[in-house]
$ cat target-v4.pdb   # PDB, C-alpha atoms
ATOM      1  CA  MET A   1     -72.367  71.289 -48.469
ATOM      2  CA  ASN A   2     -68.659  71.328 -49.120
ATOM      3  CA  ALA A   3     -66.549  68.722 -47.317
ATOM      4  CA  GLN A   4     -64.616  71.581 -45.732
ATOM      5  CA  ASP A   5     -67.866  72.998 -44.294
ATOM      6  CA  VAL A   6     -68.426  69.922 -42.103
ATOM      7  CA  ILE A   7     -66.122  71.489 -39.520
ATOM      8  CA  VAL A   8     -68.544  74.384 -38.955
ATOM      9  CA  PRO A   9     -71.472  72.401 -37.460
ATOM     10  CA  PHE A  10     -68.961  70.446 -35.374
ATOM     11  CA  THR A  11     -67.480  73.698 -34.075
ATOM     12  CA  ALA A  12     -70.929  75.142 -33.367
ATOM     13  CA  VAL A  13     -71.969  72.078 -31.355
ATOM     14  CA  LEU A  14     -68.656  72.167 -29.502
ATOM     15  CA  MET A  15     -69.125  75.847 -28.605
ATOM     16  CA  LEU A  16     -72.708  75.210 -27.460
ATOM     17  CA  GLY A  17     -71.462  72.375 -25.254
ATOM     18  CA  LEU A  18     -68.675  74.522 -23.823
ATOM     19  CA  ILE A  19     -71.113  77.334 -23.036
ATOM     20  CA  TRP A  20     -73.483  74.831 -21.379
ATOM     21  CA  ILE A  21     -70.733  73.242 -19.277
ATOM     22  CA  ARG A  22     -69.147  76.549 -18.293
ATOM     23  CA  THR A  23     -72.499  77.928 -17.169
ATOM     24  CA  ARG A  24     -73.462  74.785 -15.225
ATOM     25  CA  ILE A  25     -70.135  74.677 -13.422
ATOM     26  CA  GLN A  26     -70.644  78.196 -12.105
ATOM     27  CA  TYR A  27     -74.018  77.240 -10.617
ATOM     28  CA  SER A  28     -72.965  73.846  -9.260
ATOM     29  CA  ARG A  29     -70.640  75.538  -6.768
ATOM     30  CA  ALA A  30     -73.465  77.614  -5.303
ATOM     31  CA  GLY A  31     -75.609  74.849  -3.851
ATOM     32  CA  SER A  32     -76.460  71.208  -3.676
ATOM     33  CA  GLY A  33     -78.976  69.139  -5.540
ATOM     34  CA  PRO A  34     -79.808  68.857  -9.215
ATOM     35  CA  LEU A  35     -79.640  71.982 -11.348
ATOM     36  CA  ARG A  36     -82.684  73.038 -13.320
ATOM     37  CA  LEU A  37     -82.758  75.290 -16.321
ATOM     38  CA  GLN A  38     -84.689  78.486 -15.577
ATOM     39  CA  PRO A  39     -86.853  80.369 -18.105
ATOM     40  CA  ALA A  40     -84.081  82.969 -18.490
ATOM     41  CA  GLY A  41     -81.735  80.065 -19.220
ATOM     42  CA  CYS A  42     -83.998  78.874 -22.044
ATOM     43  CA  ILE A  43     -83.830  82.340 -23.551
ATOM     44  CA  TYR A  44     -80.066  82.452 -22.993
ATOM     45  CA  PHE A  45     -79.401  79.151 -24.763
ATOM     46  CA  GLY A  46     -81.972  79.985 -27.447
ATOM     47  CA  ALA A  47     -80.006  83.155 -28.133
ATOM     48  CA  VAL A  48     -76.800  81.115 -28.328
ATOM     49  CA  LEU A  49     -78.400  78.827 -30.922
ATOM     50  CA  ALA A  50     -79.743  81.792 -32.878
ATOM     51  CA  VAL A  51     -76.357  83.533 -32.975
ATOM     52  CA  LEU A  52     -74.587  80.338 -34.018
ATOM     53  CA  ALA A  53     -77.158  79.669 -36.754
ATOM     54  CA  ALA A  54     -77.001  83.257 -37.984
ATOM     55  CA  GLY A  55     -73.246  82.875 -38.269
ATOM     56  CA  TRP A  56     -73.655  80.441 -41.149
ATOM     57  CA  PHE A  57     -75.100  83.242 -43.282
ATOM     58  CA  VAL A  58     -73.724  86.405 -41.687
ATOM     59  CA  ALA A  59     -70.117  85.461 -40.900
ATOM     60  CA  PRO A  60     -68.842  85.337 -44.503
ATOM     61  CA  VAL A  61     -70.392  88.729 -45.292
ATOM     62  CA  ILE A  62     -69.148  90.451 -42.140
ATOM     63  CA  GLY A  63     -65.807  88.684 -42.358
ATOM     64  CA  ARG A  64     -65.161  89.945 -45.885
ATOM     65  CA  THR A  65     -65.812  93.471 -44.645
ATOM     66  CA  PHE A  66     -63.190  93.317 -41.888
ATOM     67  CA  TRP A  67     -60.823  90.767 -43.442
ATOM     68  CA  PRO A  68     -60.763  91.282 -47.238
ATOM     69  CA  VAL A  69     -57.818  88.958 -47.901
ATOM     70  CA  PRO A  70     -58.534  86.725 -50.944
ATOM     71  CA  GLY A  71     -57.303  83.505 -49.302
ATOM     72  CA  VAL A  72     -59.823  83.578 -46.448
ATOM     73  CA  THR A  73     -62.501  80.924 -46.867
ATOM     74  CA  PRO A  74     -66.094  81.191 -45.606
ATOM     75  CA  THR A  75     -65.385  78.156 -43.411
ATOM     76  CA  LEU A  76     -62.644  79.994 -41.526
ATOM     77  CA  LEU A  77     -64.896  83.000 -41.032
ATOM     78  CA  ARG A  78     -67.704  80.797 -39.710
ATOM     79  CA  VAL A  79     -65.380  79.056 -37.261
ATOM     80  CA  VAL A  80     -64.115  82.431 -36.034
ATOM     81  CA  TRP A  81     -67.778  83.440 -35.599
ATOM     82  CA  CYS A  82     -68.380  80.359 -33.434
ATOM     83  CA  LEU A  83     -65.358  81.147 -31.268
ATOM     84  CA  ALA A  84     -66.441  84.771 -30.925
ATOM     85  CA  THR A  85     -69.905  83.591 -29.877
ATOM     86  CA  TYR A  86     -68.358  81.635 -27.008
ATOM     87  CA  TYR A  87     -66.525  84.677 -25.690
ATOM     88  CA  ILE A  88     -69.476  87.026 -26.196
ATOM     89  CA  PHE A  89     -71.753  84.751 -24.181
ATOM     90  CA  ILE A  90     -69.253  84.681 -21.322
ATOM     91  CA  VAL A  91     -69.813  88.435 -21.062
ATOM     92  CA  VAL A  92     -73.586  88.050 -21.479
ATOM     93  CA  HIS A  93     -73.689  85.515 -18.654
ATOM     94  CA  ARG A  94     -71.652  87.777 -16.371
ATOM     95  CA  LEU A  95     -74.083  90.615 -17.060
ATOM     96  CA  MET A  96     -77.002  88.325 -16.248
ATOM     97  CA  LYS A  97     -75.390  87.287 -12.963
ATOM     98  CA  THR A  98     -74.734  90.896 -11.935
ATOM     99  CA  ARG A  99     -78.419  91.655 -12.504
ATOM    100  CA  GLY A 100     -79.463  88.634 -10.456
ATOM    101  CA  THR A 101     -80.862  86.612 -13.346
ATOM    102  CA  ALA A 102     -80.128  82.906 -12.942
ATOM    103  CA  VAL A 103     -79.693  80.543 -15.851
ATOM    104  CA  PHE A 104     -79.794  77.473 -13.594
ATOM    105  CA  SER A 105     -81.106  77.003 -10.069
ATOM    106  CA  GLY A 106     -80.610  74.268  -7.547
TER     107      GLY A 106
END
$ encode --input "target-v4.pdb" --output "structure tokens"
Amino acid sequence: MNAQDVIVPFTAVLMLGLIWIRTRIQYSRAGSGPLRLQPAGCIYFGAVLAVLAAGWFVAPVIGRTFWPVPGVTPTLLRVVWCLATYYIFIVVHRLMKTRGTAVFSG
């Protein structure tokens, strides 16, 4: 692993933590008591992990397709993938809430 690539796992863990916190905050307002992860929540966070892990391999390939500038490094493309994952899972969570599927319950 290149020294520059160390930023990618850090970014992925940061995005996972931000998704976790953002989701928990939305459910902590609804009720009292401890929050418990529901089965749909396990699938939700498993999908987050899968998308972040896939980004290590897929992001440079897809990034070169849409951004063919020679100076763009695979690290930058992977970090952009992690940031995009955060925003995509905001939309996924909103869709789950509109369908009545809870990630956490009190």
$ resolve_selection --input "target-v4.pdb" --expression "the PyMOL selection byres ((chain A and resi 89) around 12)" --output "list in words"
Met15, Leu16, Leu18, Ile19, Trp20, Arg22, Thr23, Tyr44, Phe45, Gly46, Ala47, Val48, Leu49, Val51, Leu52, Cys82, Leu83, Ala84, Thr85, Tyr86, Tyr87, Ile88, Ile90, Val91, Val92, His93, Arg94, Leu95 and Met96 of chain A
$ residues_around --input "target-v4.pdb" --residues "A:Trp81" --least-positions-apart "3" --cutoff "10 Å" --atoms "all atoms listed in the file" --output "PyMOL selection string"
chain A and resi 8+11-12+51-52+54-56+58-60+62-63+75-78+84-86
$ closest_residue --input "target-v4.pdb" --among "A:Ile43, A:Val13, A:Ala50, A:Ile25" --to "A:Ser105" --atoms "all atoms listed in the file"
A:Ile25
$ closest_residue --input "target-v4.pdb" --among "A:Thr65, A:Ser28, A:Gln4, A:Gln38" --to "A:Ala102" --atoms "only C-alpha atoms"
A:Gln38
$ atom_distance --input "target-v4.pdb" --atom1 "atom CA of A:Cys42" --atom2 "atom CA of A:Val103"
7.7 Å
